[in-house]
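Pasted below: data_10.txt, compact mmCIF, C-alpha atoms and all ligand atoms.
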# COMPACT_ATOMS: atom_id res chain seq x y z
CA MET A 50 117.39 120.27 101.84
CA ILE A 51 115.66 118.33 99.11
CA TYR A 52 113.75 115.38 100.47
CA PHE A 53 113.32 112.45 98.08
CA ASP A 54 112.81 109.79 100.76
CA ASN A 55 109.04 109.86 101.16
CA ALA A 56 108.73 106.08 101.11
CA ALA A 57 110.64 106.08 104.42
CA SER A 58 108.61 108.85 106.04
CA THR A 59 106.91 112.11 105.12
CA LYS A 60 106.55 115.65 106.34
CA VAL A 61 103.54 116.11 108.63
CA ASP A 62 101.06 118.29 106.77
CA GLY A 63 100.25 121.62 108.45
CA ALA A 64 96.55 120.76 108.55
CA VAL A 65 97.38 117.48 110.31
CA LEU A 66 99.49 119.24 112.90
CA LYS A 67 96.71 121.76 113.47
CA ALA A 68 94.12 119.02 113.98
CA MET A 69 96.38 117.21 116.46
CA THR A 70 97.52 120.13 118.62
CA PRO A 71 94.37 120.55 120.77
CA PHE A 72 94.69 116.93 121.88
CA PHE A 73 98.08 117.70 123.42
CA ASP A 74 97.36 120.94 125.24
CA LYS A 75 93.58 121.35 125.56
CA ASN A 76 91.90 117.99 125.63
CA TYR A 77 94.62 115.65 126.78
CA ALA A 78 92.25 113.30 128.64
CA ASN A 79 92.34 109.53 128.38
CA ALA A 80 89.67 108.40 125.90
CA SER A 81 88.66 105.67 128.38
CA SER A 82 87.85 108.18 131.14
CA ILE A 83 84.19 108.56 131.98
CA HIS A 84 84.24 112.31 132.68
CA GLU A 85 83.35 114.92 130.09
CA MET A 86 86.88 115.52 128.81
CA GLY A 87 87.39 111.80 128.41
CA GLN A 88 84.15 111.45 126.52
CA LEU A 89 85.07 114.31 124.19
CA ALA A 90 88.36 112.60 123.42
CA LYS A 91 86.48 109.35 122.83
CA GLU A 92 84.08 111.10 120.45
CA ALA A 93 86.95 112.54 118.41
CA LEU A 94 88.61 109.13 118.38
CA GLU A 95 85.48 107.43 117.06
CA LYS A 96 85.06 110.08 114.36
CA ALA A 97 88.62 109.36 113.25
CA ARG A 98 87.87 105.64 113.21
CA LYS A 99 84.92 106.30 110.91
CA VAL A 100 87.14 108.31 108.52
CA ILE A 101 89.69 105.49 108.31
CA ALA A 102 86.95 102.86 107.93
CA ASP A 103 85.20 104.81 105.15
CA SER A 104 88.47 105.22 103.27
CA ILE A 105 88.62 101.46 102.61
CA ASN A 106 84.86 100.81 102.72
CA ALA A 107 85.05 98.98 106.07
CA SER A 108 82.92 99.36 109.21
CA PRO A 109 84.34 101.31 112.16
CA GLU A 110 84.30 98.15 114.36
CA GLU A 111 86.70 96.58 111.88
CA ILE A 112 89.43 99.18 112.49
CA ILE A 113 91.93 98.65 115.33
CA PHE A 114 94.41 101.43 116.01
CA THR A 115 98.00 100.42 116.66
CA SER A 116 101.42 102.03 116.99
CA GLY A 117 102.13 101.70 113.27
CA GLY A 118 102.73 99.39 110.36
CA THR A 119 105.21 97.22 112.23
CA GLU A 120 102.79 96.50 115.06
CA SER A 121 99.84 95.90 112.73
CA ASN A 122 101.85 93.39 110.71
CA ASN A 123 103.18 91.62 113.81
CA PHE A 124 99.72 91.47 115.34
CA ALA A 125 98.01 90.24 112.18
CA ILE A 126 100.53 87.53 111.32
CA LYS A 127 101.38 86.19 114.77
CA SER A 128 97.89 86.36 116.16
CA ILE A 129 96.18 84.75 113.17
CA ALA A 130 98.74 81.94 113.38
CA PHE A 131 98.20 81.37 117.10
CA SER A 132 94.41 81.81 116.95
CA ASN A 133 94.06 79.14 114.24
CA LYS A 134 96.45 76.51 115.52
CA GLU A 135 94.70 73.59 113.90
CA LYS A 136 96.60 74.78 110.82
CA ASN A 137 100.32 75.54 110.85
CA HIS A 138 101.30 76.89 107.44
CA ILE A 139 101.77 80.51 106.34
CA ILE A 140 102.48 81.83 102.85
CA THR A 141 104.32 85.08 102.19
CA SER A 142 106.74 86.46 99.58
CA LYS A 143 110.48 87.08 99.50
CA VAL A 144 110.05 90.83 98.99
CA GLU A 145 107.97 91.72 102.07
CA HIS A 146 108.96 94.41 104.54
CA ASP A 147 111.33 93.16 107.25
CA CYS A 148 108.59 93.30 109.90
CA VAL A 149 106.56 90.76 107.90
CA LEU A 150 109.54 88.56 107.05
CA ASN A 151 110.82 88.57 110.61
CA SER A 152 107.35 87.86 112.04
CA CYS A 153 107.24 84.83 109.75
CA LYS A 154 110.74 83.77 110.75
CA TRP A 155 109.76 84.01 114.39
CA LEU A 156 106.71 81.83 113.71
CA GLU A 157 109.05 79.24 112.18
CA SER A 158 110.94 79.21 115.48
CA GLN A 159 107.60 78.45 117.14
CA GLY A 160 106.95 75.40 114.96
CA PHE A 161 104.99 76.96 112.10
CA LYS A 162 105.89 76.29 108.47
CA VAL A 163 106.36 79.25 106.13
CA THR A 164 106.53 79.35 102.33
CA TYR A 165 108.40 82.37 100.92
CA LEU A 166 107.20 82.84 97.34
CA ASP A 167 109.48 84.02 94.56
CA VAL A 168 108.63 87.13 92.55
CA ASP A 169 109.09 87.97 88.87
CA ASN A 170 111.82 90.31 87.63
CA GLU A 171 109.60 93.32 88.32
CA GLY A 172 109.00 92.28 91.93
CA ARG A 173 105.51 90.92 91.42
CA VAL A 174 103.96 87.92 93.16
CA ASN A 175 102.27 85.55 90.72
CA SER A 176 98.76 84.65 91.92
CA LYS A 177 99.12 81.17 90.47
CA ASP A 178 102.09 80.57 92.78
CA VAL A 179 99.91 81.50 95.74
CA LYS A 180 97.28 79.02 94.60
CA LYS A 181 99.85 76.24 94.18
CA ALA A 182 101.37 76.86 97.61
CA ILE A 183 98.09 76.64 99.55
CA THR A 184 97.59 73.33 101.38
CA THR A 185 94.93 72.08 103.78
CA LYS A 186 97.30 73.23 106.54
CA THR A 187 97.52 76.86 105.35
CA CYS A 188 95.95 79.38 107.72
CA LEU A 189 97.27 82.65 106.31
CA VAL A 190 98.53 84.26 103.13
CA THR A 191 100.33 87.57 103.71
CA ILE A 192 101.35 89.45 100.57
CA MET A 193 102.09 93.17 100.44
CA HIS A 194 99.98 95.48 98.30
CA ALA A 195 102.85 97.63 97.01
CA ASN A 196 106.56 97.15 97.56
CA ASN A 197 108.41 99.80 99.57
CA GLU A 198 111.66 99.57 97.61
CA VAL A 199 110.65 99.27 93.98
CA GLY A 200 107.00 100.35 94.15
CA THR A 201 105.56 97.32 92.35
CA ILE A 202 101.83 96.91 92.97
CA ASN A 203 100.58 93.34 93.43
CA ASN A 204 97.24 92.13 92.15
CA ILE A 205 95.76 91.63 95.61
CA SER A 206 92.25 91.28 94.29
CA GLU A 207 93.27 88.14 92.38
CA ILE A 208 95.15 86.78 95.41
CA GLY A 209 92.16 87.58 97.62
CA LYS A 210 89.86 85.63 95.35
CA ILE A 211 92.10 82.57 95.55
CA CYS A 212 92.28 82.79 99.34
CA LYS A 213 88.52 83.05 99.56
CA GLU A 214 88.03 79.97 97.37
CA LYS A 215 90.44 78.05 99.58
CA SER A 216 89.08 79.47 102.88
CA VAL A 217 92.45 80.85 103.89
CA TYR A 218 92.87 84.17 105.67
CA PHE A 219 94.42 86.91 103.52
CA HIS A 220 96.45 89.75 105.02
CA SER A 221 98.07 92.55 103.06
CA ASP A 222 100.57 95.20 104.11
CA ALA A 223 99.33 98.38 102.43
CA CYS A 224 101.60 100.92 104.14
CA GLN A 225 102.99 102.11 100.79
CA SER A 226 99.82 102.03 98.73
CA TYR A 227 97.29 103.44 101.19
CA THR A 228 95.64 106.61 99.78
CA LYS A 229 97.70 106.14 96.59
CA VAL A 230 95.96 103.06 95.19
CA PRO A 231 92.23 102.63 95.90
CA ILE A 232 91.43 99.81 98.33
CA ASN A 233 87.86 98.61 98.78
CA VAL A 234 87.77 95.76 101.28
CA LYS A 235 84.21 94.83 100.28
CA GLU A 236 85.18 94.40 96.65
CA ILE A 237 88.42 92.53 97.15
CA ASN A 238 88.40 89.63 99.53
CA ILE A 239 90.76 90.77 102.22
CA ASP A 240 90.59 89.74 105.86
CA LEU A 241 93.32 91.91 107.36
CA LEU A 242 94.96 95.08 106.06
CA THR A 243 97.86 97.05 107.54
CA ILE A 244 98.07 100.83 107.10
CA ASN A 245 99.96 103.62 108.82
CA ALA A 246 100.05 107.39 109.11
CA HIS A 247 103.63 108.57 108.67
CA LYS A 248 103.87 107.53 105.03
CA ILE A 249 100.94 109.81 104.16
CA HIS A 250 101.89 113.10 105.87
CA GLY A 251 100.56 111.96 109.24
CA PRO A 252 102.51 111.46 112.49
CA LYS A 253 104.88 108.60 113.27
CA GLY A 254 103.84 105.96 115.78
CA VAL A 255 100.27 105.42 114.65
CA GLY A 256 98.71 102.89 112.34
CA ALA A 257 95.71 100.64 112.02
CA LEU A 258 94.78 97.08 111.28
CA TYR A 259 91.58 96.33 109.42
CA ILE A 260 90.14 93.04 110.66
CA LYS A 261 87.13 91.74 108.77
CA LYS A 262 84.14 90.95 110.95
CA GLY A 263 84.10 87.26 111.92
CA THR A 264 87.86 86.76 111.61
CA LYS A 265 89.19 84.37 114.24
CA ILE A 266 91.83 86.45 115.99
CA LYS A 267 92.74 86.96 119.64
CA ALA A 268 94.36 89.95 121.32
CA TRP A 269 98.14 89.72 121.19
CA GLN A 270 98.97 92.25 123.86
CA SER A 271 97.65 91.84 127.42
CA GLY A 272 96.05 94.77 129.21
CA GLY A 273 92.78 96.72 129.27
CA SER A 274 89.73 96.40 127.06
CA HIS A 275 90.68 99.09 124.53
CA GLU A 276 90.03 98.73 120.78
CA PHE A 277 87.27 96.12 121.04
CA ARG A 278 89.45 94.10 123.43
CA LEU A 279 91.91 93.47 120.62
CA ARG A 280 94.68 95.96 121.33
CA ALA A 281 95.29 96.98 124.92
CA GLY A 282 96.88 100.32 125.74
CA THR A 283 95.77 103.93 126.07
CA GLU A 284 94.85 105.17 122.61
CA ASN A 285 97.19 107.65 120.93
CA VAL A 286 94.33 110.14 120.54
CA SER A 287 96.29 113.00 118.97
CA GLY A 288 98.10 110.62 116.61
CA ILE A 289 94.86 108.97 115.55
CA ILE A 290 93.22 112.37 114.92
CA GLY A 291 96.25 113.32 112.80
CA PHE A 292 96.06 110.01 110.93
CA ALA A 293 92.42 110.65 109.99
CA LYS A 294 93.20 114.21 108.90
CA ALA A 295 96.01 112.93 106.68
CA VAL A 296 93.55 110.57 105.01
CA GLN A 297 90.99 113.33 104.51
CA ILE A 298 93.45 115.63 102.75
CA SER A 299 94.84 112.94 100.44
CA SER A 300 93.61 113.48 96.90
CA GLN A 301 93.68 112.31 93.30
CA LYS A 302 95.19 115.67 92.44
CA ASN A 303 98.22 114.87 94.58
CA ILE A 304 98.51 111.43 92.99
CA ASN A 305 98.46 112.95 89.49
CA TYR A 306 101.10 115.45 90.55
CA MET A 307 103.38 112.70 91.93
CA ILE A 308 102.94 110.71 88.71
CA LYS A 309 104.21 113.76 86.82
CA LEU A 310 107.28 113.98 89.07
CA ARG A 311 107.93 110.24 88.84
CA ASP A 312 107.73 110.06 85.07
CA TYR A 313 109.83 113.20 84.68
CA ALA A 314 112.54 111.77 86.94
CA ILE A 315 112.55 108.38 85.17
CA ASP A 316 112.85 110.11 81.80
CA LYS A 317 115.60 112.52 82.89
CA ILE A 318 117.74 109.92 84.65
CA SER A 319 117.43 107.46 81.74
CA LYS A 320 118.40 110.13 79.20
CA ASN A 321 121.15 111.88 81.13
CA ILE A 322 123.04 109.06 82.79
CA PRO A 323 124.45 106.11 80.87
CA ASP A 324 124.31 102.50 82.08
CA VAL A 325 121.36 102.74 84.42
CA LYS A 326 118.60 100.21 84.99
CA LEU A 327 115.13 101.09 86.20
CA ASN A 328 114.10 98.54 88.83
CA GLY A 329 110.47 97.57 89.29
CA ALA A 330 107.39 97.60 87.12
CA THR A 331 106.32 99.79 84.23
CA VAL A 332 104.22 102.78 85.16
CA ASN A 333 100.94 100.84 85.15
CA ASP A 334 101.85 98.68 88.12
CA ARG A 335 104.10 101.19 89.82
CA LEU A 336 103.41 103.41 92.82
CA CYS A 337 102.87 107.02 91.83
CA ASN A 338 105.86 108.23 93.88
CA ASN A 339 108.52 105.55 93.39
CA VAL A 340 111.64 105.67 91.23
CA ASN A 341 114.37 103.06 91.75
CA PHE A 342 117.49 102.91 89.60
CA SER A 343 120.63 100.79 89.60
CA PHE A 344 123.73 102.72 88.55
CA ILE A 345 125.96 100.06 87.04
CA GLY A 346 129.45 99.72 88.45
CA ILE A 347 129.09 101.70 91.69
CA GLU A 348 127.83 101.33 95.23
CA GLY A 349 124.49 102.88 96.14
CA GLU A 350 125.85 103.92 99.54
CA SER A 351 128.50 106.14 97.94
CA ILE A 352 125.89 107.84 95.74
CA LEU A 353 123.61 108.34 98.74
CA LEU A 354 126.34 110.00 100.83
CA MET A 355 127.48 112.27 98.00
CA LEU A 356 123.91 113.33 97.26
CA SER A 357 123.40 113.96 100.96
CA GLU A 358 126.43 116.28 100.94
CA LYS A 359 124.66 118.23 98.19
CA GLY A 360 121.49 118.42 100.31
CA ILE A 361 119.53 115.68 98.55
CA MET A 362 118.06 112.93 100.72
CA VAL A 363 117.54 109.55 99.07
CA SER A 364 117.69 105.93 100.11
CA THR A 365 119.32 102.70 99.06
CA GLY A 366 116.71 99.97 99.20
CA SER A 367 114.60 100.29 102.33
CA ALA A 368 115.46 102.48 105.30
CA CYS A 369 115.39 99.49 107.60
CA SER A 370 118.22 97.73 105.79
CA SER A 371 120.25 100.86 105.09
CA THR A 372 122.53 100.33 108.07
CA SER A 373 123.52 96.85 107.00
CA LEU A 374 125.66 96.65 103.90
CA GLU A 375 123.89 93.64 102.45
CA ALA A 376 122.31 94.02 99.03
CA SER A 377 118.56 94.54 99.09
CA HIS A 378 116.63 91.29 99.57
CA VAL A 379 113.98 92.69 97.23
CA LEU A 380 116.36 93.34 94.32
CA LEU A 381 118.05 89.97 94.79
CA ALA A 382 114.66 88.21 94.77
CA MET A 383 113.94 90.03 91.49
CA GLY A 384 117.00 88.32 90.03
CA LEU A 385 119.45 91.23 90.04
CA LYS A 386 123.13 90.36 90.35
CA HIS A 387 124.73 91.40 93.65
CA ALA A 388 126.81 94.14 92.02
CA VAL A 389 123.79 95.66 90.25
CA ALA A 390 121.60 95.43 93.35
CA HIS A 391 124.33 97.21 95.34
CA GLY A 392 124.22 100.17 93.01
CA SER A 393 120.56 100.95 93.55
CA ILE A 394 119.00 104.20 94.73
CA ARG A 395 115.38 104.86 95.58
CA PHE A 396 113.96 108.33 94.94
CA SER A 397 110.50 108.65 96.47
CA PHE A 398 108.44 111.79 95.99
CA SER A 399 105.61 113.60 97.72
CA LYS A 400 103.25 116.46 96.94
CA TYR A 401 105.87 118.81 98.40
CA ASN A 402 108.52 118.04 95.75
CA THR A 403 108.92 119.99 92.52
CA ILE A 404 110.20 119.56 88.96
CA LYS A 405 112.86 122.13 89.79
CA GLU A 406 114.19 119.88 92.55
CA ILE A 407 114.44 117.00 90.08
CA ASP A 408 116.34 119.23 87.65
CA TYR A 409 118.77 120.04 90.45
CA LEU A 410 119.10 116.32 91.21
CA ILE A 411 120.07 115.56 87.61
CA LYS A 412 122.57 118.41 87.64
CA VAL A 413 124.42 117.11 90.71
CA LEU A 414 123.89 113.40 90.01
CA LYS A 415 125.68 113.42 86.65
CA PRO A 416 129.13 114.47 87.96
CA ILE A 417 128.73 112.24 91.06
CA ILE A 418 128.15 109.16 88.90
CA THR A 419 131.00 110.08 86.55
CA LYS A 420 133.39 110.60 89.46
CA LEU A 421 132.43 107.37 91.25
CA ARG A 422 132.69 105.36 88.04
CA ALA A 423 136.12 106.76 87.32
CA MET A 424 137.26 105.37 90.68
CA SER A 425 135.39 102.07 90.37
CA PRO A 426 137.26 98.91 89.42
CA LEU A 427 133.86 97.42 88.54
CA TYR A 428 133.05 99.90 85.80
CA SER A 429 134.49 100.02 82.32
CA GLY A 430 131.81 101.85 80.35
CA ASP A 431 131.15 99.22 77.72
CA LYS A 432 130.74 96.42 80.24
CA LYS A 433 127.19 96.08 81.59
C1 LIG B 501 106.90 101.79 106.57
C2 LIG B 501 106.43 100.43 106.30
C3 LIG B 501 106.18 99.53 107.35
C4 LIG B 501 106.45 99.87 108.80
O1 LIG B 501 105.56 100.83 109.30
P1 LIG B 501 105.92 101.67 110.63
O2 LIG B 501 104.69 102.47 110.86
O3 LIG B 501 107.11 102.50 110.27
O4 LIG B 501 106.19 100.69 111.71
C5 LIG B 501 105.72 98.28 107.03
N1 LIG B 501 105.52 97.91 105.75
C6 LIG B 501 105.75 98.75 104.72
C7 LIG B 501 105.51 98.28 103.33
C8 LIG B 501 106.23 100.02 104.97
O5 LIG B 501 106.48 100.83 103.94
Represent the structure contained in this file as structure tokens.
Amino acid sequence: MIYFDNAASTKVDGAVLKAMTPFFDKNYANASSIHEMGQLAKEALEKARKVIADSINASPEEIIFTSGGTESNNFAIKSIAFSNKEKNHIITSKVEHDCVLNSCKWLESQGFKVTYLDVDNEGRVNSKDVKKAITTKTCLVTIMHANNEVGTINNISEIGKICKEKSVYFHSDACQSYTKVPINVKEINIDLLTINAHKIHGPKGVGALYIKKGTKIKAWQSGGSHEFRLRAGTENVSGIIGFAKAVQISSQKNINYMIKLRDYAIDKISKNIPDVKLNGATVNDRLCNNVNFSFIGIEGESILLMLSEKGIMVSTGSACSSTSLEASHVLLAMGLKHAVAHGSIRFSFSKYNTIKEIDYLIKVLKPIITKLRAMSPLYSGDKK
């Protein structure tokens, strides 16, 4: 099996698994328990919190552990809205992850107003549009750091500056960029930041929300006094330990390696397959592990299934929308025609992939595309 779907989830690194194991079978105590085992679990938990905090230049008290990116985004958006009810307007973009878009939609059902900003043809939010959309009623701007489908990196430092000038809270979903693009919360004005573990070779079901000191936000979930009274529920100690380990083993070397894979794949696909369109930004504003192509005249789903038969795992758009046959909301917002958006495939790499695997991809992809195009009423070679 060749796994090119690392934007959906990643293999748990052996070192991560090793760090987690003792917290399943040796010290399995509740980190809130007062006895020695509980206190040892608590100590390990707090060490992990420090690792996560240091990685974005935050303080440990500003890190709240959650069950993942989805929960962090829900908590940040809904709770900021309800904790600052003197204002009722939220700004986001049309290309956010479904958990952000649907949190905003839910807020609309609760009487809040939401502005969904357009993006440019590379999937980028224009900071000037953010500035224009802010009113005296705006309480929150939520704009993702890097897009999960096309890998475009937004200029969140510029957006943060605007939000600071206007005294509006700024939240960013950094699930895709975390450990791949440096984030320093002291340098960029950011009030809330979502990150998770399973996109960076950590376990599923664990994430964190950075909440800047002084931010007006109330707990969303009712229960005990865990996580500075902001997120009730017994901490996922093993998962959190694994999360921290995954952060510690991330490296610039891995990033450079993924860049090599990405650029090799972009080059090979462009040169070997006719009538393709690279979606997203040029390499400067592109995630190190993202490649997204439209194959003109065919359906992405057919390509995906045929590649899967050959043992190659890829994705059309985002994993969350892969079961519905609608074209990607991200590609449509970027101005792609329905037919072109439908023919898109995302290849996302990790440190475990190799150049040899990409060579194999090209070898099997070529005949698949030729075969599908021969059957496609939409494709006529000269028509683009
Ligand atoms: C994966 C992802 C999420 C959801 O995170 P989970 O931990 O899977 O709930 C949210 N936003 C982005 C950009 C993602 O890539």
Step by step, measure atom-to-atom distances between ligand LIG 501 (chain B) and each residue using only C-alpha atoms and all ligand atoms, keep those at most 10 Å, then write them as a VMD selection string.
chain A and resid 55 to 58 115 to 123 144 to 149 193 to 198 200 221 to 227 243 to 248 252 to 257 367 to 369
Rounded to one decimal, what separation in Å do you get between atom CA of Val379 of chain A and atom CA of Asp312 of chain A?
22.1 Å
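Atom pair atom CA of Phe114 of chain A / atom CA of Lys127 of chain A: separated by 16.8 Å.
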As a check of understanding: the span from atom CA of Gly63 of chain A to atom CA of Thr365 of chain A is 28.5 Å
Using only C-alpha atoms, which of A:Met69, A:Leu381, A:Ile208, A:Ile192 sits nearest Ser176 of chain A?
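Looking at the shortest contact to Ser176 of chain A, the residue is A:Ile208.
Among A:Phe292, A:Val199, A:Leu166, A:Arg311, the residue with the shortest atom-to-atom distance to Ile404 of chain A, counting only C-alpha atoms, is A:Arg311.
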Contacts of Ile418 of chain A within 10 Å, all atoms listed in the file, excl. fewer than 3 positions in-chain, as a ChimeraX atom specification
/A:322-323,344-347,351-352,355,413-415,421-423
Given 4 Å on each side, where is the centre and what are the edge lengths in Å to one decimal of the axis-aligned box enclosing the listed atoms of segment 357-363 of chain A, as AutoDock Vina command-line options?
--center_x 122.0 --center_y 114.0 --center_z 99.6 --size_x 16.9 --size_y 16.9 --size_z 10.8
Nearest-residue call for His220 of chain A, choices A:Ala125, A:Ile232, A:Ile183, A:Ala314, using all atoms listed in the file:
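The closest residue to His220 of chain A is A:Ala125.
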Please build the interface table for segment 288-376 of chain A against segment 72-91 of chain A with a cut-off of 12 Å, listing for each qualifying residue the nearest atom pair and the distance in Å to one decimal; count all atoms listed in the file, order rows by chain and increasing number, and write it as a tab-separated table.
residue	atom	partner	partner_atom	distance
A:Gly288	CA	A:Phe72	CA	8.9
A:Ile289	CA	A:Phe72	CA	10.2
A:Ile290	CA	A:Phe72	CA	8.4
A:Gly291	CA	A:Phe72	CA	9.9
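Excluding Val61 of chain A itself and any same-chain residue fewer than 2 positions from it, the protein and nucleic acid residues within 7 Å of it, counting all atoms listed in the file, are A:Thr59, A:Gly63, A:Val65, A:Leu66, A:His250, A:Gly251, A:Pro252.
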Compare A:Tyr313, A:Thr191, A:Gly272, A:Leu279 by their minimum atom-to-atom distance to Lys405 of chain A, counting only C-alpha atoms, and give me the closest one.
A:Tyr313
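For the residues A:Ala376, A:Ile105, A:Leu150, A:Ile140, ranking by smallest atom-to-atom distance to Asp178 of chain A using all atoms listed in the file places A:Ile140 first.
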For a quick check of understanding, using all atoms listed in the file, which of A:Ser274, A:Thr403, A:Asn238, A:Thr228 has the smallest distance to Cys337 of chain A?
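Among A:Ser274, A:Thr403, A:Asn238, A:Thr228, it is A:Thr228 that comes nearest to Cys337 of chain A.
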Neighbours of Lys162 of chain A within 10 Å (only C-alpha atoms; same-chain residues fewer than 4 positions away dropped), as an MDAnalysis selection string?
chainID A and resid 136:140 153:154 156:158 186:187
Given the point (121.6, 95.0, 93.7) in the coordinates of this file, which residues lie within 8 Å, counting all atoms listed in the file, and how would they look as number ranges by chain?
A: 343, 376-377, 380-381, 385-393
